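Have a look at the structure below before the remarks.
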Amino acid sequence: MAKLSEPSPEIETPAPMRCFRVIANARAGAVLEAGADQFARRIAAGFEAAGCRAEVELVPPRQLQERLRAAVADETVTPVIAGGDGSINGALPVLVGCERPVGVLPLGTVNVLGRDLGLTGTVEQQIAAICEGEPIAMDLGSINGRLFHSISGMGFFSLMARQREYARRRFPFSRLAAFLFAATRSILFTRPIRVEMEIGGERRQVEADAVLVTVNRFDGAEWRRKRLDGGEFEIHILDTGGPLSRAKAAFSMLTGGWRNSQHLVSLTGTAVTLTRRDKRRGHVTFDGEVERRTGPLVYRLLPDALQVIAARPPEPLPYPAEYQFPS
């Protein structure tokens, strides 16, 4: 009688290695400090250490959209934009057309969006968070059709952004010195602006040192957002109290007490229109980038406009921490 052979164990096929294409701003500070070749090798090694593969392209700012568009068109890779908030802002017109989640590798000074996505620490830690991360939907804002992902403003905040760029060139190796220089000049030289505001169908006129519009609510000392899909703008108005009030407001933002500042009023809405009463062209910030604009600034919210990879939150402990014992 023939003996039945035992079924051979099934051989598990390893999952294909996930492939990313990193389009990096060749003028980013982190790239210039490390050198292009060394930086590209570090990025590729970071993805390999995290169990992924990455093609790295370092391109001048003018070519970022073109190369990112090619990465979006290649469905075999996950596009990643590497740069500061301004570089990410410039990539938004391309990223919103991507039907799959995209990655962000923050290389700037402030990295507002990167922090909100949980991408902090060393470059290697940020890369690992991207490889292990999960897609989320995030809202975007637009001003007369011009997209932004986090912050837009005029007055003190736009002057601060302009002074910061100047300070970076003057103090390339000291971020603290550059910040203090920019903050001091902005506090001293800001001039009040008269703005007509329309929020939720209600009109008001204000004279302020600054007006700031954020996509969803910021809080805390580091200005982080708990939600990127909250579906609202928050409008912050800094009153005209002179240099002393501007200094106090700036200090309260650094220390986290700005919500209780007597010099700051915050409102919320899903649509905002700002019009300068002097009819002059004024500087407006878009995620740290500055442009001169005239006429009404019509802010519109674009809910869930972008799918982006966020760091996976830490796994919850099965028991309260006080009942955890070392292994």
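Just remember, in the structure tokens the first chain shown is A, the second B, etc., residues are 1-based per chain, and ligands are 1-based in the order shown.
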Counting only C-alpha atoms, what are the residues of stretch 8-82 of chain A within 12 Å of stretch 93-97 of chain A, and for each of them which pair of atoms is the nearest and at what distance in Å, to one decimal? Sort the table by chain and rising number, as a Markdown table.
```
| residue | atom | partner | partner_atom | distance |
| --- | --- | --- | --- | --- |
| A:Leu64 | CA | A:Val94 | CA | 9.8 |
| A:Gln65 | CA | A:Val94 | CA | 6.6 |
| A:Glu66 | CA | A:Val94 | CA | 8.7 |
| A:Arg67 | CA | A:Val94 | CA | 10.0 |
| A:Leu68 | CA | A:Val94 | CA | 7.1 |
| A:Arg69 | CA | A:Val94 | CA | 6.1 |
| A:Ala70 | CA | A:Val94 | CA | 9.8 |
| A:Ala71 | CA | A:Val94 | CA | 10.0 |
| A:Val72 | CA | A:Leu95 | CA | 7.7 |
| A:Ala73 | CA | A:Gly97 | CA | 9.8 |
| A:Thr78 | CA | A:Leu95 | CA | 11.4 |
| A:Pro79 | CA | A:Leu95 | CA | 8.8 |
| A:Val80 | CA | A:Leu95 | CA | 9.6 |
| A:Ile81 | CA | A:Leu95 | CA | 9.1 |
```
Mind checking which residues fall within 10 Å of A:Ala50, counting only C-alpha atoms, ignoring those fewer than 6 positions away in the same chain, and posting them as a PyMOL selection string? chain A and resi 124-125+127-132
What would the file look like if the residues just selected were written as a CSV table (one decimal), in the first residue's frame with N, CA, C and O atoms?
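Saved to result.csv:
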```
chain,number,residue,atom,x,y,z
A,124,GLU,N,17.7,60.0,10.2
A,124,GLU,CA,17.5,58.6,10.2
A,124,GLU,C,16.2,58.2,11.0
A,124,GLU,O,15.4,57.3,10.5
A,125,GLN,N,15.9,58.9,12.1
A,125,GLN,CA,14.7,58.7,12.8
A,125,GLN,C,13.4,59.1,12.0
A,125,GLN,O,12.4,58.4,12.0
A,127,ILE,N,13.3,59.2,8.7
A,127,ILE,CA,13.1,58.2,7.6
A,127,ILE,C,12.4,56.9,8.1
A,127,ILE,O,11.5,56.4,7.5
A,128,ALA,N,12.9,56.5,9.3
A,128,ALA,CA,12.2,55.3,9.8
A,128,ALA,C,10.8,55.5,10.1
A,128,ALA,O,9.9,54.6,9.9
A,129,ALA,N,10.4,56.7,10.6
A,129,ALA,CA,9.0,57.0,10.8
A,129,ALA,C,8.2,57.0,9.5
A,129,ALA,O,7.0,56.6,9.5
A,130,ILE,N,8.8,57.5,8.4
A,130,ILE,CA,8.1,57.5,7.1
A,130,ILE,C,7.9,56.1,6.7
A,130,ILE,O,6.8,55.7,6.2
A,131,CYS,N,8.9,55.2,6.8
A,131,CYS,CA,8.8,53.8,6.3
A,131,CYS,C,7.8,53.0,7.1
A,131,CYS,O,7.1,52.2,6.6
A,132,GLU,N,7.7,53.4,8.4
A,132,GLU,CA,6.7,52.7,9.3
A,132,GLU,C,5.4,53.4,9.5
A,132,GLU,O,4.5,53.0,10.2
```
Report the distance between atom CA of A:Val59 and atom CA of A:Asp304 in Å, rounded to one decimal place. 28.7 Å
Just checking: using only C-alpha atoms, which residue out of A:Glu134, A:Glu99, A:Asp85, A:Glu48 ends up closest to A:Leu306? A:Glu99
Write out as a PyMOL selection string which residues come within 12 Å of A:Ile43 when counting only C-alpha atoms, dropping same-chain ones fewer than 5 positions away. chain A and resi 20-24+30-31+34+36-38+48-50+52-58+80+82+105+107+122-128
Can I get the selected residues back with N, CA and C atoms, as an mmCIF file, in the first residue's frame?
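Output file result24.cif is given in full below:
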```cif
data_model
loop_
_atom_site.group_PDB
_atom_site.id
_atom_site.type_symbol
_atom_site.label_atom_id
_atom_site.label_comp_id
_atom_site.auth_asym_id
_atom_site.auth_seq_id
_atom_site.Cartn_x
_atom_site.Cartn_y
_atom_site.Cartn_z
ATOM 1 N N PHE A 20 10.901 54.277 -2.398
ATOM 2 C CA PHE A 20 10.603 55.704 -2.342
ATOM 3 C C PHE A 20 11.491 56.442 -3.351
ATOM 4 N N ARG A 21 10.990 57.560 -3.824
ATOM 5 C CA ARG A 21 11.835 58.466 -4.609
ATOM 6 C C ARG A 21 11.846 59.808 -3.894
ATOM 7 N N VAL A 22 13.013 60.176 -3.412
ATOM 8 C CA VAL A 22 13.174 61.387 -2.617
ATOM 9 C C VAL A 22 13.658 62.511 -3.523
ATOM 10 N N ILE A 23 12.848 63.548 -3.630
ATOM 11 C CA ILE A 23 13.228 64.739 -4.383
ATOM 12 C C ILE A 23 13.603 65.809 -3.361
ATOM 13 N N ALA A 24 14.879 66.157 -3.307
ATOM 14 C CA ALA A 24 15.376 67.055 -2.261
ATOM 15 C C ALA A 24 15.826 68.376 -2.856
ATOM 16 N N ALA A 30 20.559 71.640 5.264
ATOM 17 C CA ALA A 30 21.121 70.335 5.633
ATOM 18 C C ALA A 30 21.960 69.759 4.501
ATOM 19 N N VAL A 31 21.556 70.004 3.254
ATOM 20 C CA VAL A 31 22.308 69.508 2.096
ATOM 21 C C VAL A 31 23.616 70.276 1.955
ATOM 22 N N ALA A 34 26.213 69.266 4.711
ATOM 23 C CA ALA A 34 26.808 67.932 4.591
ATOM 24 C C ALA A 34 27.550 67.736 3.275
ATOM 25 N N ALA A 36 26.472 67.537 -1.116
ATOM 26 C CA ALA A 36 25.417 66.840 -1.867
ATOM 27 C C ALA A 36 25.608 65.332 -1.873
ATOM 28 N N ASP A 37 26.807 64.867 -2.226
ATOM 29 C CA ASP A 37 27.030 63.419 -2.342
ATOM 30 C C ASP A 37 26.868 62.717 -0.996
ATOM 31 N N GLN A 38 27.466 63.298 0.042
ATOM 32 C CA GLN A 38 27.375 62.668 1.361
ATOM 33 C C GLN A 38 25.932 62.668 1.865
ATOM 34 N N GLU A 48 17.518 52.255 3.671
ATOM 35 C CA GLU A 48 17.929 50.847 3.675
ATOM 36 C C GLU A 48 17.913 50.282 5.087
ATOM 37 N N ALA A 49 18.385 51.065 6.059
ATOM 38 C CA ALA A 49 18.381 50.613 7.452
ATOM 39 C C ALA A 49 16.968 50.402 7.965
ATOM 40 N N ALA A 50 16.006 51.135 7.403
ATOM 41 C CA ALA A 50 14.607 51.007 7.830
ATOM 42 C C ALA A 50 13.856 49.943 7.027
ATOM 43 N N CYS A 52 13.662 49.742 3.632
ATOM 44 C CA CYS A 52 13.087 50.270 2.394
ATOM 45 C C CYS A 52 14.213 50.599 1.422
ATOM 46 N N ARG A 53 13.833 51.005 0.237
ATOM 47 C CA ARG A 53 14.799 51.421 -0.764
ATOM 48 C C ARG A 53 14.433 52.815 -1.232
ATOM 49 N N ALA A 54 15.437 53.630 -1.534
ATOM 50 C CA ALA A 54 15.160 55.005 -1.938
ATOM 51 C C ALA A 54 16.063 55.431 -3.084
ATOM 52 N N GLU A 55 15.459 56.079 -4.063
ATOM 53 C CA GLU A 55 16.195 56.786 -5.103
ATOM 54 C C GLU A 55 16.221 58.253 -4.685
ATOM 55 N N VAL A 56 17.400 58.843 -4.657
ATOM 56 C CA VAL A 56 17.544 60.211 -4.148
ATOM 57 C C VAL A 56 17.962 61.135 -5.283
ATOM 58 N N GLU A 57 17.202 62.216 -5.468
ATOM 59 C CA GLU A 57 17.530 63.229 -6.464
ATOM 60 C C GLU A 57 17.663 64.578 -5.755
ATOM 61 N N LEU A 58 18.834 65.193 -5.905
ATOM 62 C CA LEU A 58 19.055 66.536 -5.375
ATOM 63 C C LEU A 58 18.961 67.513 -6.541
ATOM 64 N N VAL A 80 8.543 61.464 -2.199
ATOM 65 C CA VAL A 80 8.893 62.150 -0.961
ATOM 66 C C VAL A 80 9.524 63.483 -1.326
ATOM 67 N N ALA A 82 11.729 66.511 0.082
ATOM 68 C CA ALA A 82 12.646 66.799 1.186
ATOM 69 C C ALA A 82 13.041 68.265 1.134
ATOM 70 N N LEU A 105 9.991 64.880 4.088
ATOM 71 C CA LEU A 105 11.204 64.770 4.903
ATOM 72 C C LEU A 105 11.658 66.188 5.237
ATOM 73 N N LEU A 107 13.617 69.364 6.213
ATOM 74 C CA LEU A 107 15.028 69.739 6.284
ATOM 75 C C LEU A 107 15.211 71.216 6.609
ATOM 76 N N THR A 122 16.586 62.807 14.456
ATOM 77 C CA THR A 122 17.598 62.795 13.406
ATOM 78 C C THR A 122 16.953 62.452 12.066
ATOM 79 N N VAL A 123 17.711 62.678 11.010
ATOM 80 C CA VAL A 123 17.218 62.326 9.675
ATOM 81 C C VAL A 123 16.883 60.841 9.615
ATOM 82 N N GLU A 124 17.712 60.010 10.223
ATOM 83 C CA GLU A 124 17.461 58.568 10.213
ATOM 84 C C GLU A 124 16.171 58.219 10.951
ATOM 85 N N GLN A 125 15.912 58.897 12.065
ATOM 86 C CA GLN A 125 14.665 58.652 12.803
ATOM 87 C C GLN A 125 13.449 59.105 11.994
ATOM 88 N N GLN A 126 13.579 60.209 11.289
ATOM 89 C CA GLN A 126 12.483 60.679 10.454
ATOM 90 C C GLN A 126 12.214 59.701 9.308
ATOM 91 N N ILE A 127 13.279 59.184 8.706
ATOM 92 C CA ILE A 127 13.125 58.217 7.618
ATOM 93 C C ILE A 127 12.447 56.947 8.123
ATOM 94 N N ALA A 128 12.868 56.464 9.279
ATOM 95 C CA ALA A 128 12.239 55.273 9.848
ATOM 96 C C ALA A 128 10.758 55.508 10.106
#
```
A:Arg292 surroundings by only C-alpha atoms, 8 Å radius, close-in-sequence under 2 positions cut, as a PDB file with C-alpha atoms, in the first residue's frame:
```pdb
ATOM      1  CA  ARG A 281       0.436  96.008  -2.012  1.00  0.00           C
ATOM      2  CA  GLY A 282       1.613  94.294   1.131  1.00  0.00           C
ATOM      3  CA  HIS A 283       3.855  91.378   1.997  1.00  0.00           C
ATOM      4  CA  VAL A 284       2.037  88.120   2.714  1.00  0.00           C
ATOM      5  CA  VAL A 290       6.886  85.908   1.190  1.00  0.00           C
ATOM      6  CA  THR A 294      -2.788  93.552  -3.466  1.00  0.00           C
TER       7      THR A 294
END
```
Report, in Å with one decimal, the straight-line distance from atom CA of A:Ala26 to atom CA of A:Ile136. 27.6 Å
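Using only C-alpha atoms, the shortest contact distance between A:Ser266 and any of A:Gly84, A:Asp219, A:Val195, A:His236 is found at A:His236.
Once A:Pro303 and its same-chain neighbours fewer than 5 positions away are set aside, Met138, Asp139, Leu140, Asp229 and Gly231 of chain A remain within 8 Å of it when counting only C-alpha atoms.
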Do you have the atom CA of A:Val77-atom CA of A:Asn111 distance handy? 24.2 Å
Polymer residues at most 10 Å from A:Ile143, only C-alpha atoms, same-chain spacing of 6 or more positions, as a ChimeraX atom specification: /A:152,272-274,286,296-301
Can you pull out every residue from stretch 48-160 of chain A that DSSP, working from the backbone, puts in strand (DSSP E), and format the result as a PyMOL selection string? chain A and resi 53-59+78-83+103-106+134-143+146-148+151-155
Restricting the output to C-alpha atoms, write the selected residues as an mmCIF file, in the first residue's frame.
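Written output follows (out_0.cif):
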```
data_model
loop_
_atom_site.group_PDB
_atom_site.id
_atom_site.type_symbol
_atom_site.label_atom_id
_atom_site.label_comp_id
_atom_site.auth_asym_id
_atom_site.auth_seq_id
_atom_site.Cartn_x
_atom_site.Cartn_y
_atom_site.Cartn_z
ATOM 1 C CA ARG A 53 14.799 51.421 -0.764
ATOM 2 C CA ALA A 54 15.160 55.005 -1.938
ATOM 3 C CA GLU A 55 16.195 56.786 -5.103
ATOM 4 C CA VAL A 56 17.544 60.211 -4.148
ATOM 5 C CA GLU A 57 17.530 63.229 -6.464
ATOM 6 C CA LEU A 58 19.055 66.536 -5.375
ATOM 7 C CA VAL A 59 17.718 69.265 -7.629
ATOM 8 C CA THR A 78 6.239 56.636 -3.211
ATOM 9 C CA PRO A 79 7.124 60.307 -3.790
ATOM 10 C CA VAL A 80 8.893 62.150 -0.961
ATOM 11 C CA ILE A 81 9.618 65.881 -0.942
ATOM 12 C CA ALA A 82 12.646 66.799 1.186
ATOM 13 C CA GLY A 83 13.090 70.415 2.252
ATOM 14 C CA GLY A 103 6.037 61.576 2.140
ATOM 15 C CA VAL A 104 7.613 64.684 3.644
ATOM 16 C CA LEU A 105 11.204 64.770 4.903
ATOM 17 C CA PRO A 106 11.641 68.072 6.798
ATOM 18 C CA GLU A 134 0.501 55.514 8.076
ATOM 19 C CA PRO A 135 -1.362 57.746 5.608
ATOM 20 C CA ILE A 136 -3.607 60.491 6.918
ATOM 21 C CA ALA A 137 -5.732 63.133 5.227
ATOM 22 C CA MET A 138 -4.850 66.770 5.803
ATOM 23 C CA ASP A 139 -6.577 70.049 4.991
ATOM 24 C CA LEU A 140 -4.963 72.762 2.899
ATOM 25 C CA GLY A 141 -5.708 76.457 2.575
ATOM 26 C CA SER A 142 -5.734 78.643 -0.518
ATOM 27 C CA ILE A 143 -5.447 82.412 -0.955
ATOM 28 C CA ARG A 146 -2.405 80.049 -4.001
ATOM 29 C CA LEU A 147 -2.028 76.968 -1.785
ATOM 30 C CA PHE A 148 -0.485 76.777 1.686
ATOM 31 C CA ILE A 151 0.449 79.356 8.069
ATOM 32 C CA SER A 152 -0.219 82.591 6.186
ATOM 33 C CA GLY A 153 -0.026 86.120 7.550
ATOM 34 C CA MET A 154 0.711 89.799 7.104
ATOM 35 C CA GLY A 155 2.273 92.546 9.193
#
```
